[in-house]
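Chemist: Got a structure for you, written out below as structure tokens; questions coming shortly.
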2 protein chains.
Amino acid sequence: MWYNEYGTDGDVVLSSRVRLARNLKGIPFPGRSNQEQQESVLSACRQAAETNGLKYIDLSVMEDYEKQAIAEKHLISPQMTDNGVHRGLLLSDDNKISILLNEEDHIRIQVMAAGFDLDTCFKEANRMDDALEEKMDYAFDSQIGYLTCCPTNAGTGMRASVMVHLPALTMSRTINRVIDSLNQLGVTVRGIFGEGSKATGHIYQISNQLTLGATEEDILEKFKQIVAEVVSKEREMRKRLYQTEKYRLEDRLMRSLGVLRHAVVLTSDEAMKCLSEVRLAVDLGLVTDIRPEILNAVTYEVLPANIMKEYNITDPLERDLKRAEIVRERMGSHV
Amino acid sequence: MWYNEYGTDGDVVLSSRVRLARNLKGIPFPGRSNQEQQESVLSACRQAAETNGLKYIDLSVMEDYEKQAIAEKHLISPQMTDNGVHRGLLLSDDNKISILLNEEDHIRIQVMAAGFDLDTCFKEANRMDDALEEKMDYAFDSQIGYLTCCPTNAGTGMRASVMVHLPALTMSRTINRVIDSLNQLGVTVRGIFGEGSKATGHIYQISNQLTLGATEEDILEKFKQIVAEVVSKEREMRKRLYQTEKYRLEDRLMRSLGVLRHAVVLTSDEAMKCLSEVRLAVDLGLVTDIRPEILNAVTYEVLPANIMKEYNITDPLERDLKRAEIVRERMGSHV
């Protein structure tokens, strides 16, 4: 799966995503449509996408924690877990393509890839977009472009984003300066679970704001340059931290590995924080017997809803015990 | 060596010690004697003890950290490290017998053993005492018994003590109540390095106060009963803690092992605390691949003066790095 692979620039960029927002002509946006209209969107898209190899998942019949487990993997947005609207999901076998139905817009085509690989995401999203457009009429204005529920998405309807691991910028407290300057460039920085979430595990989501008045290619090119700049800033800071505070840094990172390998009770916040520090330790060459893919995989595996779903555990203490057990095993604990 | 062996009741009693205070007739106590008198004590004792297989060590020609390293192993008292008086030490090859010369009294015969074994200590101390007395005249009063510099030691001149590991009584905060009741029974409780020291690593020194008005055997018998009581209190509390707070306790103890196996910078206080918790984990059967003797040995090995002496390191950061390295190696770190 894309979320546990180690891609290009994988030391900093965990994954890339391109999302296209589309709506069907003549049907109100999901927040204002009635049940019948919502279901017409679902069935139209389902037909169009299933012929392209995607599987349909009816979110309205799932338990909350099952939906949360999907949201934890970023295959749907957290908003998709509420039940006010009849929502659906179309998902490719490799989880790279997910089409969110009746989220804020009728259709949100998402394509994900490991590492820094927005071009592949964009190409795939376009291909899927073309396939759907063959069978449906999109709401489109020749002046504005694609029409969307929220005007900030109108035009290209495209949002590109990357999930980046910025421990050195965070530890050195330069992250806020970086976020400010990114905002001035029309780029948004959020926590790992999008709007309003914390940057647990030093993981941030960076995405473009501009969707209007430029071509997709131009927007993407500019965004890629900005991300590349963040990547090189993080790498520089890692080097500098390691040069100026070698032992303090080594001690901090290795102790995090010690926690992961020995804790008996582990919250997801602590797990994320420690996994982040071990990721940095691996990147600096301090730890050689843990593959970065394992860290990516475990980061998703230990999230609360995933543990509930995989092990049928609802008690918080039992969940923290199970999480610790999973992490010890994955980190090669010798206890 | 006695300090890294695991003896009787070794889960609680790390080591036992019997000390006899003696002075030579007609010579002022060390604090009031002149250099000539001090040296006459040294040479008289040296002659008497060397024929019994003990080696003489002249403390006045040693560096401070070398003397501190000996004090860390409890072979001399911390007071012996100052240079006001010409002091000497007679030491058996196995470090079980050490005779302190010109400490507070002219002669202090100390016999140490691993675990709870005061009888052996007493027997050996007596044997050495008889051997010395054959060749020297002790200051002795038929009413009082042996005369000592401090009246609290007069009579038998005997002090019995045990080094006990009391993590459960400490963690459960019942230790102060235990100390109070021990004090009422004429028993003193001190930190690991005697008077005024902290109970680093949950290690306490328990010793009898009474030296007068009873035979050595009676004093020893009563003291042994009291220690046995402390041992059973500690064991009960370990069981109770483990029953009532199983996961919290396991988590705490295992994380300490994680610190020992992964820390890059380690102070001696933290090392002692973590070693203590790992000792408890071993005792509870949570850790099976570490032998208790190793923990006893490392506890002494990581003390500051020992590291200075063994590795010729004076810089505090370098010492903390070396300590972490030693501990990682001894604890079987797989990093």
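Ordering of the structure tokens sets the chain letters (A, B, ...); residue numbers start at 1 within each chain; ligands are numbered from 1 in the order shown.
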Got a sec: who's within 12 Å of Val327 of chain B, counting only C-alpha atoms, leaving out chain neighbours fewer than 2 positions off, as a PDB file with N, CA, C and O atoms, in the first residue's frame?
Modeler:
```
ATOM      1  N   SER B 256      12.128   1.356  32.091  1.00  0.00           N
ATOM      2  CA  SER B 256      13.458   1.562  32.663  1.00  0.00           C
ATOM      3  C   SER B 256      14.490   0.695  31.950  1.00  0.00           C
ATOM      4  O   SER B 256      15.607   1.135  31.702  1.00  0.00           O
ATOM      5  N   LEU B 257      14.090  -0.526  31.617  1.00  0.00           N
ATOM      6  CA  LEU B 257      14.998  -1.383  30.854  1.00  0.00           C
ATOM      7  C   LEU B 257      15.258  -0.751  29.481  1.00  0.00           C
ATOM      8  O   LEU B 257      16.390  -0.768  28.983  1.00  0.00           O
ATOM      9  N   GLY B 258      14.210  -0.173  28.908  1.00  0.00           N
ATOM     10  CA  GLY B 258      14.356   0.523  27.624  1.00  0.00           C
ATOM     11  C   GLY B 258      15.364   1.657  27.709  1.00  0.00           C
ATOM     12  O   GLY B 258      16.192   1.836  26.813  1.00  0.00           O
ATOM     13  N   VAL B 259      15.319   2.409  28.792  1.00  0.00           N
ATOM     14  CA  VAL B 259      16.290   3.496  28.982  1.00  0.00           C
ATOM     15  C   VAL B 259      17.698   2.918  29.072  1.00  0.00           C
ATOM     16  O   VAL B 259      18.618   3.367  28.390  1.00  0.00           O
ATOM     17  N   LEU B 260      17.880   1.887  29.883  1.00  0.00           N
ATOM     18  CA  LEU B 260      19.221   1.318  30.053  1.00  0.00           C
ATOM     19  C   LEU B 260      19.763   0.758  28.741  1.00  0.00           C
ATOM     20  O   LEU B 260      20.955   0.819  28.479  1.00  0.00           O
ATOM     21  N   ARG B 261      18.871   0.200  27.922  1.00  0.00           N
ATOM     22  CA  ARG B 261      19.332  -0.406  26.670  1.00  0.00           C
ATOM     23  C   ARG B 261      19.514   0.593  25.544  1.00  0.00           C
ATOM     24  O   ARG B 261      20.081   0.260  24.510  1.00  0.00           O
ATOM     25  N   HIS B 262      19.006   1.822  25.713  1.00  0.00           N
ATOM     26  CA  HIS B 262      19.033   2.756  24.587  1.00  0.00           C
ATOM     27  C   HIS B 262      19.643   4.119  24.871  1.00  0.00           C
ATOM     28  O   HIS B 262      20.034   4.796  23.937  1.00  0.00           O
ATOM     29  N   ALA B 263      19.705   4.532  26.146  1.00  0.00           N
ATOM     30  CA  ALA B 263      20.191   5.885  26.423  1.00  0.00           C
ATOM     31  C   ALA B 263      21.607   6.063  25.890  1.00  0.00           C
ATOM     32  O   ALA B 263      22.407   5.127  25.872  1.00  0.00           O
ATOM     33  N   VAL B 264      21.895   7.264  25.454  1.00  0.00           N
ATOM     34  CA  VAL B 264      23.222   7.601  24.946  1.00  0.00           C
ATOM     35  C   VAL B 264      23.970   8.423  25.993  1.00  0.00           C
ATOM     36  O   VAL B 264      25.183   8.394  26.085  1.00  0.00           O
ATOM     37  N   VAL B 265      23.212   9.161  26.786  1.00  0.00           N
ATOM     38  CA  VAL B 265      23.764   9.962  27.882  1.00  0.00           C
ATOM     39  C   VAL B 265      23.034   9.524  29.151  1.00  0.00           C
ATOM     40  O   VAL B 265      21.805   9.533  29.187  1.00  0.00           O
ATOM     41  N   LEU B 266      23.788   9.134  30.174  1.00  0.00           N
ATOM     42  CA  LEU B 266      23.137   8.562  31.359  1.00  0.00           C
ATOM     43  C   LEU B 266      23.857   9.032  32.634  1.00  0.00           C
ATOM     44  O   LEU B 266      25.044   8.792  32.795  1.00  0.00           O
ATOM     45  N   THR B 267      23.121   9.700  33.512  1.00  0.00           N
ATOM     46  CA  THR B 267      23.711  10.103  34.795  1.00  0.00           C
ATOM     47  C   THR B 267      23.712   8.899  35.736  1.00  0.00           C
ATOM     48  O   THR B 267      22.976   7.933  35.514  1.00  0.00           O
ATOM     49  N   SER B 268      24.511   8.985  36.806  1.00  0.00           N
ATOM     50  CA  SER B 268      24.550   7.816  37.693  1.00  0.00           C
ATOM     51  C   SER B 268      23.241   7.697  38.469  1.00  0.00           C
ATOM     52  O   SER B 268      22.776   6.594  38.736  1.00  0.00           O
ATOM     53  N   GLU B 270      20.183   8.395  37.392  1.00  0.00           N
ATOM     54  CA  GLU B 270      19.186   7.749  36.530  1.00  0.00           C
ATOM     55  C   GLU B 270      19.535   6.269  36.335  1.00  0.00           C
ATOM     56  O   GLU B 270      18.656   5.408  36.336  1.00  0.00           O
ATOM     57  N   ALA B 271      20.823   5.994  36.169  1.00  0.00           N
ATOM     58  CA  ALA B 271      21.237   4.596  35.999  1.00  0.00           C
ATOM     59  C   ALA B 271      20.832   3.772  37.215  1.00  0.00           C
ATOM     60  O   ALA B 271      20.267   2.683  37.083  1.00  0.00           O
ATOM     61  N   MET B 272      21.075   4.307  38.403  1.00  0.00           N
ATOM     62  CA  MET B 272      20.743   3.580  39.633  1.00  0.00           C
ATOM     63  C   MET B 272      19.236   3.356  39.730  1.00  0.00           C
ATOM     64  O   MET B 272      18.786   2.275  40.110  1.00  0.00           O
ATOM     65  N   CYS B 274      17.025   3.241  37.301  1.00  0.00           N
ATOM     66  CA  CYS B 274      16.571   2.277  36.292  1.00  0.00           C
ATOM     67  C   CYS B 274      17.051   0.866  36.625  1.00  0.00           C
ATOM     68  O   CYS B 274      16.310  -0.101  36.448  1.00  0.00           O
ATOM     69  N   LEU B 275      18.288   0.754  37.091  1.00  0.00           N
ATOM     70  CA  LEU B 275      18.792  -0.571  37.471  1.00  0.00           C
ATOM     71  C   LEU B 275      17.920  -1.159  38.570  1.00  0.00           C
ATOM     72  O   LEU B 275      17.620  -2.350  38.577  1.00  0.00           O
ATOM     73  N   ILE B 294      24.460  -9.541  37.362  1.00  0.00           N
ATOM     74  CA  ILE B 294      24.871  -8.487  36.431  1.00  0.00           C
ATOM     75  C   ILE B 294      24.400  -7.131  36.946  1.00  0.00           C
ATOM     76  O   ILE B 294      25.138  -6.147  36.934  1.00  0.00           O
ATOM     77  N   LEU B 295      23.169  -7.099  37.444  1.00  0.00           N
ATOM     78  CA  LEU B 295      22.626  -5.838  37.950  1.00  0.00           C
ATOM     79  C   LEU B 295      23.433  -5.354  39.149  1.00  0.00           C
ATOM     80  O   LEU B 295      23.733  -4.171  39.267  1.00  0.00           O
ATOM     81  N   ALA B 297      26.561  -6.033  39.787  1.00  0.00           N
ATOM     82  CA  ALA B 297      27.876  -5.606  39.309  1.00  0.00           C
ATOM     83  C   ALA B 297      27.791  -4.232  38.651  1.00  0.00           C
ATOM     84  O   ALA B 297      28.586  -3.333  38.946  1.00  0.00           O
ATOM     85  N   VAL B 298      26.790  -4.048  37.778  1.00  0.00           N
ATOM     86  CA  VAL B 298      26.682  -2.788  37.037  1.00  0.00           C
ATOM     87  C   VAL B 298      26.406  -1.626  37.987  1.00  0.00           C
ATOM     88  O   VAL B 298      26.911  -0.521  37.802  1.00  0.00           O
ATOM     89  N   THR B 299      25.611  -1.893  39.021  1.00  0.00           N
ATOM     90  CA  THR B 299      25.294  -0.850  40.005  1.00  0.00           C
ATOM     91  C   THR B 299      26.575  -0.207  40.553  1.00  0.00           C
ATOM     92  O   THR B 299      26.639   1.003  40.756  1.00  0.00           O
ATOM     93  N   TYR B 300      27.600  -1.017  40.774  1.00  0.00           N
ATOM     94  CA  TYR B 300      28.866  -0.453  41.256  1.00  0.00           C
ATOM     95  C   TYR B 300      29.719   0.085  40.116  1.00  0.00           C
ATOM     96  O   TYR B 300      30.408   1.077  40.247  1.00  0.00           O
ATOM     97  N   GLU B 301      29.631  -0.592  38.988  1.00  0.00           N
ATOM     98  CA  GLU B 301      30.489  -0.252  37.856  1.00  0.00           C
ATOM     99  C   GLU B 301      30.231   1.170  37.334  1.00  0.00           C
ATOM    100  O   GLU B 301      31.136   1.823  36.844  1.00  0.00           O
ATOM    101  N   VAL B 302      28.968   1.621  37.416  1.00  0.00           N
ATOM    102  CA  VAL B 302      28.619   2.897  36.781  1.00  0.00           C
ATOM    103  C   VAL B 302      28.791   4.102  37.701  1.00  0.00           C
ATOM    104  O   VAL B 302      28.498   5.228  37.307  1.00  0.00           O
ATOM    105  N   LEU B 303      29.262   3.873  38.917  1.00  0.00           N
ATOM    106  CA  LEU B 303      29.416   5.010  39.828  1.00  0.00           C
ATOM    107  C   LEU B 303      30.542   5.929  39.339  1.00  0.00           C
ATOM    108  O   LEU B 303      31.499   5.465  38.718  1.00  0.00           O
ATOM    109  N   ILE B 307      34.152   5.037  37.160  1.00  0.00           N
ATOM    110  CA  ILE B 307      34.354   5.307  35.726  1.00  0.00           C
ATOM    111  C   ILE B 307      35.594   6.168  35.514  1.00  0.00           C
ATOM    112  O   ILE B 307      36.388   5.926  34.602  1.00  0.00           O
ATOM    113  N   ASP B 320      29.136  10.439  31.343  1.00  0.00           N
ATOM    114  CA  ASP B 320      27.751  10.002  31.128  1.00  0.00           C
ATOM    115  C   ASP B 320      27.614   9.189  29.837  1.00  0.00           C
ATOM    116  O   ASP B 320      26.787   8.283  29.744  1.00  0.00           O
ATOM    117  N   LEU B 321      28.419   9.533  28.837  1.00  0.00           N
ATOM    118  CA  LEU B 321      28.417   8.758  27.586  1.00  0.00           C
ATOM    119  C   LEU B 321      28.988   7.364  27.832  1.00  0.00           C
ATOM    120  O   LEU B 321      28.437   6.358  27.380  1.00  0.00           O
ATOM    121  N   LYS B 322      30.113   7.316  28.546  1.00  0.00           N
ATOM    122  CA  LYS B 322      30.752   6.024  28.827  1.00  0.00           C
ATOM    123  C   LYS B 322      29.836   5.162  29.692  1.00  0.00           C
ATOM    124  O   LYS B 322      29.678   3.960  29.460  1.00  0.00           O
ATOM    125  N   ARG B 323      29.177   5.777  30.673  1.00  0.00           N
ATOM    126  CA  ARG B 323      28.254   5.041  31.540  1.00  0.00           C
ATOM    127  C   ARG B 323      27.138   4.413  30.700  1.00  0.00           C
ATOM    128  O   ARG B 323      26.820   3.230  30.859  1.00  0.00           O
ATOM    129  N   ALA B 324      26.572   5.215  29.791  1.00  0.00           N
ATOM    130  CA  ALA B 324      25.495   4.697  28.943  1.00  0.00           C
ATOM    131  C   ALA B 324      25.999   3.528  28.105  1.00  0.00           C
ATOM    132  O   ALA B 324      25.309   2.527  27.922  1.00  0.00           O
ATOM    133  N   GLU B 325      27.222   3.663  27.602  1.00  0.00           N
ATOM    134  CA  GLU B 325      27.811   2.606  26.775  1.00  0.00           C
ATOM    135  C   GLU B 325      27.979   1.313  27.579  1.00  0.00           C
ATOM    136  O   GLU B 325      27.605   0.225  27.108  1.00  0.00           O
ATOM    137  N   GLU B 329      25.789  -2.205  26.977  1.00  0.00           N
ATOM    138  CA  GLU B 329      26.471  -3.473  26.726  1.00  0.00           C
ATOM    139  C   GLU B 329      26.048  -4.527  27.749  1.00  0.00           C
ATOM    140  O   GLU B 329      25.676  -5.647  27.392  1.00  0.00           O
ATOM    141  N   ARG B 330      26.045  -4.170  29.010  1.00  0.00           N
ATOM    142  CA  ARG B 330      25.717  -5.133  30.068  1.00  0.00           C
ATOM    143  C   ARG B 330      24.259  -5.583  30.014  1.00  0.00           C
ATOM    144  O   ARG B 330      23.924  -6.684  30.421  1.00  0.00           O
ATOM    145  N   MET B 331      23.393  -4.683  29.558  1.00  0.00           N
ATOM    146  CA  MET B 331      21.964  -5.001  29.535  1.00  0.00           C
ATOM    147  C   MET B 331      21.564  -5.725  28.251  1.00  0.00           C
ATOM    148  O   MET B 331      20.390  -5.961  28.010  1.00  0.00           O
ATOM    149  N   GLY B 332      22.552  -6.018  27.416  1.00  0.00           N
ATOM    150  CA  GLY B 332      22.253  -6.747  26.198  1.00  0.00           C
ATOM    151  C   GLY B 332      21.447  -5.922  25.213  1.00  0.00           C
ATOM    152  O   GLY B 332      20.457  -6.388  24.657  1.00  0.00           O
ATOM    153  N   SER B 333      21.867  -4.675  24.997  1.00  0.00           N
ATOM    154  CA  SER B 333      21.176  -3.849  24.013  1.00  0.00           C
ATOM    155  C   SER B 333      21.412  -4.427  22.625  1.00  0.00           C
ATOM    156  O   SER B 333      22.484  -4.931  22.321  1.00  0.00           O
TER     157      SER B 333
END
```
Chemist: Contacts of Asn176 of chain A at 12 Å or less, counting only C-alpha atoms, minus same-chain residues fewer than 4 places along, as an NGL selection string?
Modeler: :A and (166 or 169-172 or 180-183 or 189-190 or 204)
Chemist: Could you save the residues just selected, with N, CA, C and O atoms, as a PDB file, in the first residue's frame?
Modeler:
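Writing done, so here's again_23.pdb:
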```pdb
ATOM      1  N   LEU A 166       8.628  16.544   9.625  1.00  0.00           N
ATOM      2  CA  LEU A 166       9.533  17.665   9.880  1.00  0.00           C
ATOM      3  C   LEU A 166      10.000  17.711  11.347  1.00  0.00           C
ATOM      4  O   LEU A 166       9.805  18.708  12.042  1.00  0.00           O
ATOM      5  N   LEU A 169      12.786  20.645  12.002  1.00  0.00           N
ATOM      6  CA  LEU A 169      12.222  21.993  12.013  1.00  0.00           C
ATOM      7  C   LEU A 169      11.353  22.185  13.256  1.00  0.00           C
ATOM      8  O   LEU A 169      11.297  23.276  13.823  1.00  0.00           O
ATOM      9  N   THR A 170      10.690  21.113  13.700  1.00  0.00           N
ATOM     10  CA  THR A 170       9.838  21.220  14.884  1.00  0.00           C
ATOM     11  C   THR A 170      10.676  21.325  16.159  1.00  0.00           C
ATOM     12  O   THR A 170      10.475  22.234  16.967  1.00  0.00           O
ATOM     13  N   MET A 171      11.638  20.406  16.324  1.00  0.00           N
ATOM     14  CA  MET A 171      12.470  20.416  17.534  1.00  0.00           C
ATOM     15  C   MET A 171      13.242  21.725  17.681  1.00  0.00           C
ATOM     16  O   MET A 171      13.460  22.199  18.778  1.00  0.00           O
ATOM     17  N   SER A 172      13.669  22.267  16.556  1.00  0.00           N
ATOM     18  CA  SER A 172      14.468  23.499  16.617  1.00  0.00           C
ATOM     19  C   SER A 172      13.574  24.729  16.701  1.00  0.00           C
ATOM     20  O   SER A 172      14.060  25.850  16.725  1.00  0.00           O
ATOM     21  N   ASP A 180       4.619  30.280   8.480  1.00  0.00           N
ATOM     22  CA  ASP A 180       4.247  31.647   8.102  1.00  0.00           C
ATOM     23  C   ASP A 180       4.639  31.957   6.666  1.00  0.00           C
ATOM     24  O   ASP A 180       3.855  32.506   5.897  1.00  0.00           O
ATOM     25  N   SER A 181       5.868  31.599   6.303  1.00  0.00           N
ATOM     26  CA  SER A 181       6.311  31.956   4.957  1.00  0.00           C
ATOM     27  C   SER A 181       5.601  31.102   3.911  1.00  0.00           C
ATOM     28  O   SER A 181       5.327  31.579   2.805  1.00  0.00           O
ATOM     29  N   LEU A 182       5.240  29.869   4.265  1.00  0.00           N
ATOM     30  CA  LEU A 182       4.467  29.044   3.330  1.00  0.00           C
ATOM     31  C   LEU A 182       3.076  29.640   3.118  1.00  0.00           C
ATOM     32  O   LEU A 182       2.576  29.708   1.992  1.00  0.00           O
ATOM     33  N   ASN A 183       2.472  30.097   4.204  1.00  0.00           N
ATOM     34  CA  ASN A 183       1.152  30.712   4.079  1.00  0.00           C
ATOM     35  C   ASN A 183       1.189  31.909   3.127  1.00  0.00           C
ATOM     36  O   ASN A 183       0.271  32.117   2.338  1.00  0.00           O
ATOM     37  N   VAL A 189      -0.553  24.792   5.808  1.00  0.00           N
ATOM     38  CA  VAL A 189       0.102  23.728   6.576  1.00  0.00           C
ATOM     39  C   VAL A 189      -0.859  23.296   7.678  1.00  0.00           C
ATOM     40  O   VAL A 189      -1.355  24.122   8.440  1.00  0.00           O
ATOM     41  N   ARG A 190      -1.125  21.999   7.739  1.00  0.00           N
ATOM     42  CA  ARG A 190      -2.043  21.478   8.755  1.00  0.00           C
ATOM     43  C   ARG A 190      -1.424  20.289   9.456  1.00  0.00           C
ATOM     44  O   ARG A 190      -0.375  19.801   9.061  1.00  0.00           O
ATOM     45  N   TYR A 204       3.191  16.838   9.078  1.00  0.00           N
ATOM     46  CA  TYR A 204       2.378  17.963   8.624  1.00  0.00           C
ATOM     47  C   TYR A 204       1.851  17.676   7.225  1.00  0.00           C
ATOM     48  O   TYR A 204       2.503  16.993   6.430  1.00  0.00           O
TER      49      TYR A 204
END
```
Chemist: Near segment 77-83 of chain A, within 7 Å and counting only C-alpha atoms, which residues show up once chain neighbours fewer than 3 positions away are dropped, as JSON, numbers by chain?
Modeler: {"A": [60, 64, 67, 68, 71, 74, 86, 103]}
Chemist: Please, could you write that set of residues out with N, CA, C and O atoms as a compact mmCIF listing (two decimals), in the first residue's frame?
Modeler:
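Dumped everything to again-v4.txt:
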```txt
# COMPACT_ATOMS: atom_id res chain seq x y z
N SER A 60 -22.71 4.47 4.69
CA SER A 60 -23.86 4.67 5.58
C SER A 60 -24.21 3.42 6.38
O SER A 60 -24.94 3.49 7.36
N ASP A 64 -19.13 3.59 13.19
CA ASP A 64 -18.28 4.78 13.24
C ASP A 64 -16.79 4.43 13.23
O ASP A 64 -16.01 5.03 12.50
N LYS A 67 -15.45 3.51 9.87
CA LYS A 67 -15.20 4.68 9.02
C LYS A 67 -13.97 5.45 9.50
O LYS A 67 -13.16 5.91 8.69
N GLN A 68 -13.84 5.56 10.84
CA GLN A 68 -12.66 6.26 11.37
C GLN A 68 -11.37 5.55 10.96
O GLN A 68 -10.35 6.20 10.68
N ALA A 71 -10.62 6.69 7.64
CA ALA A 71 -10.17 8.09 7.69
C ALA A 71 -8.72 8.18 8.20
O ALA A 71 -7.95 9.03 7.74
N HIS A 74 -6.37 8.19 5.63
CA HIS A 74 -6.55 9.31 4.71
C HIS A 74 -7.27 8.90 3.43
O HIS A 74 -7.19 9.58 2.42
N HIS A 86 -26.02 10.70 2.80
CA HIS A 86 -25.73 9.35 2.33
C HIS A 86 -24.44 9.38 1.51
O HIS A 86 -24.41 9.90 0.40
N GLU A 103 -19.24 14.03 -0.31
CA GLU A 103 -18.57 14.73 0.79
C GLU A 103 -19.04 16.18 0.67
O GLU A 103 -20.24 16.41 0.52
```
Chemist: Distance table requested - segment 172-261 of chain B against segment 114-121 of chain B, cut-off 10 Å, only C-alpha atoms: one row per qualifying residue with the closest atom pair and its distance in Å to one decimal, ordered by chain and rising residue number, as JSON lines.
Modeler:
```
{"residue": "B:Glu217", "atom": "CA", "partner": "B:Asp119", "partner_atom": "CA", "distance": 9.4}
{"residue": "B:Leu220", "atom": "CA", "partner": "B:Leu118", "partner_atom": "CA", "distance": 7.8}
{"residue": "B:Glu221", "atom": "CA", "partner": "B:Asp119", "partner_atom": "CA", "distance": 9.3}
{"residue": "B:Phe223", "atom": "CA", "partner": "B:Leu118", "partner_atom": "CA", "distance": 9.6}
{"residue": "B:Lys224", "atom": "CA", "partner": "B:Leu118", "partner_atom": "CA", "distance": 7.7}
{"residue": "B:Val227", "atom": "CA", "partner": "B:Phe116", "partner_atom": "CA", "distance": 8.9}
{"residue": "B:Ala228", "atom": "CA", "partner": "B:Phe116", "partner_atom": "CA", "distance": 9.0}
{"residue": "B:Val231", "atom": "CA", "partner": "B:Phe116", "partner_atom": "CA", "distance": 9.8}
```
Chemist: Since we have the selection now, will you write its residues out, keeping N, CA, C and O atoms, as a short mmCIF file (atom, residue, chain, number, x, y, z; two decimals), in the first residue's frame?
Modeler:
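Dumped to again-v7.cif:
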```cif
data_model
loop_
_atom_site.label_atom_id
_atom_site.label_comp_id
_atom_site.auth_asym_id
_atom_site.auth_seq_id
_atom_site.Cartn_x
_atom_site.Cartn_y
_atom_site.Cartn_z
N GLU B 217 26.15 -11.83 70.04
CA GLU B 217 25.21 -12.83 69.50
C GLU B 217 23.77 -12.38 69.67
O GLU B 217 22.95 -12.52 68.75
N LEU B 220 23.00 -9.48 67.33
CA LEU B 220 22.91 -9.97 65.95
C LEU B 220 21.59 -10.71 65.72
O LEU B 220 20.94 -10.53 64.68
N GLU B 221 21.22 -11.53 66.70
CA GLU B 221 20.00 -12.32 66.53
C GLU B 221 18.78 -11.41 66.39
O GLU B 221 17.94 -11.60 65.51
N PHE B 223 18.76 -8.28 65.49
CA PHE B 223 18.85 -7.51 64.24
C PHE B 223 18.42 -8.36 63.04
O PHE B 223 17.72 -7.89 62.14
N LYS B 224 18.84 -9.62 63.04
CA LYS B 224 18.47 -10.51 61.93
C LYS B 224 16.94 -10.68 61.83
O LYS B 224 16.37 -10.69 60.73
N VAL B 227 15.53 -7.53 60.24
CA VAL B 227 15.78 -7.50 58.79
C VAL B 227 14.84 -8.47 58.07
O VAL B 227 14.26 -8.14 57.02
N ALA B 228 14.67 -9.65 58.65
CA ALA B 228 13.78 -10.65 58.04
C ALA B 228 12.37 -10.09 57.90
O ALA B 228 11.67 -10.35 56.90
N VAL B 231 12.34 -7.73 54.97
CA VAL B 231 12.36 -8.53 53.74
C VAL B 231 10.95 -9.00 53.41
O VAL B 231 10.48 -8.88 52.26
#
```
Chemist: Assign secondary structure with DSSP using the backbone only, and return the residues of segment 91-328 of chain A in alpha helix (DSSP H) as JSON, numbers by chain.
Modeler: {"A": [118, 119, 120, 121, 122, 123, 124, 125, 126, 127, 128, 129, 130, 131, 132, 133, 134, 135, 167, 168, 169, 170, 171, 175, 176, 177, 178, 179, 180, 181, 182, 183, 184, 216, 217, 218, 219, 220, 221, 222, 223, 224, 225, 226, 227, 228, 229, 230, 231, 232, 233, 234, 235, 236, 237, 238, 239, 240, 241, 242, 243, 244, 246, 247, 248, 249, 250, 251, 252, 253, 254, 255, 256, 257, 258, 259, 260, 261, 262, 268, 269, 270, 271, 272, 273, 274, 275, 276, 277, 278, 279, 280, 281, 282, 283, 292, 293, 294, 295, 296, 297, 298, 299, 300, 301, 304, 305, 306, 307, 308, 309, 310, 311, 316, 317, 318, 319, 320, 321, 322, 323, 324, 325, 326, 327, 328]}
Chemist: Could you go through segment 98-318 of chain B and tell me which residues DSSP, when run on the backbone, assigns to strand (DSSP E or B), listing them as a ChimeraX atom specification?
Modeler: /B:98-101,107-114,138,140-141,145-146,155,158-165,187-191,194,203-208
Chemist: Near Met163 of chain A, counting only C-alpha atoms, which residues have an atom at most 9 Å away, once you skip same-chain residues fewer than 2 positions from it, shown as a list in words?
Modeler: Val12, Val13, Leu14, Ser15, Ser16, Arg17, Gly115, Phe116, Ser161, His165, Ile192, Ile203, Tyr204, Gln205, Ile206 and Ser207 of chain A
Chemist: Can you measure atom CA of Tyr56 of chain B to atom CA of Leu100 of chain B for me? One decimal in Å is fine.
Modeler: 10.2 Å
Chemist: Report as a ChimeraX atom specification all protein, DNA and RNA residues lying within 10 Å of Leu42 of chain A, evaluated on only C-alpha atoms, omitting residues in the same chain fewer than 3 positions from it.
Modeler: /A:36-39,45-47,56,58,86-90,100-102,106-107
Chemist: Can I get the selection written as a tab-separated table (two decimals), in the first residue's frame, with C-alpha atoms?
Modeler:
```tsv
chain	number	residue	atom	x	y	z
A	36	GLU	CA	-33.00	10.83	-3.66
A	37	GLN	CA	-30.53	13.25	-5.25
A	38	GLN	CA	-27.73	11.95	-3.01
A	39	GLU	CA	-28.45	8.41	-4.10
A	45	CYS	CA	-20.59	7.48	-9.99
A	46	ARG	CA	-20.63	3.87	-8.89
A	47	GLN	CA	-21.52	2.69	-12.37
A	56	TYR	CA	-17.89	0.63	-3.98
A	58	ASP	CA	-21.36	2.15	1.32
A	86	HIS	CA	-25.73	9.35	2.33
A	87	ARG	CA	-22.09	8.98	1.47
A	88	GLY	CA	-20.08	6.48	-0.50
A	89	LEU	CA	-16.54	5.60	-1.33
A	90	LEU	CA	-14.98	4.10	-4.44
A	100	LEU	CA	-15.31	10.32	-2.12
A	101	LEU	CA	-18.98	10.62	-2.96
A	102	ASN	CA	-21.24	13.22	-1.40
A	106	HIS	CA	-20.48	15.26	-5.18
A	107	ILE	CA	-17.20	13.82	-6.31
```
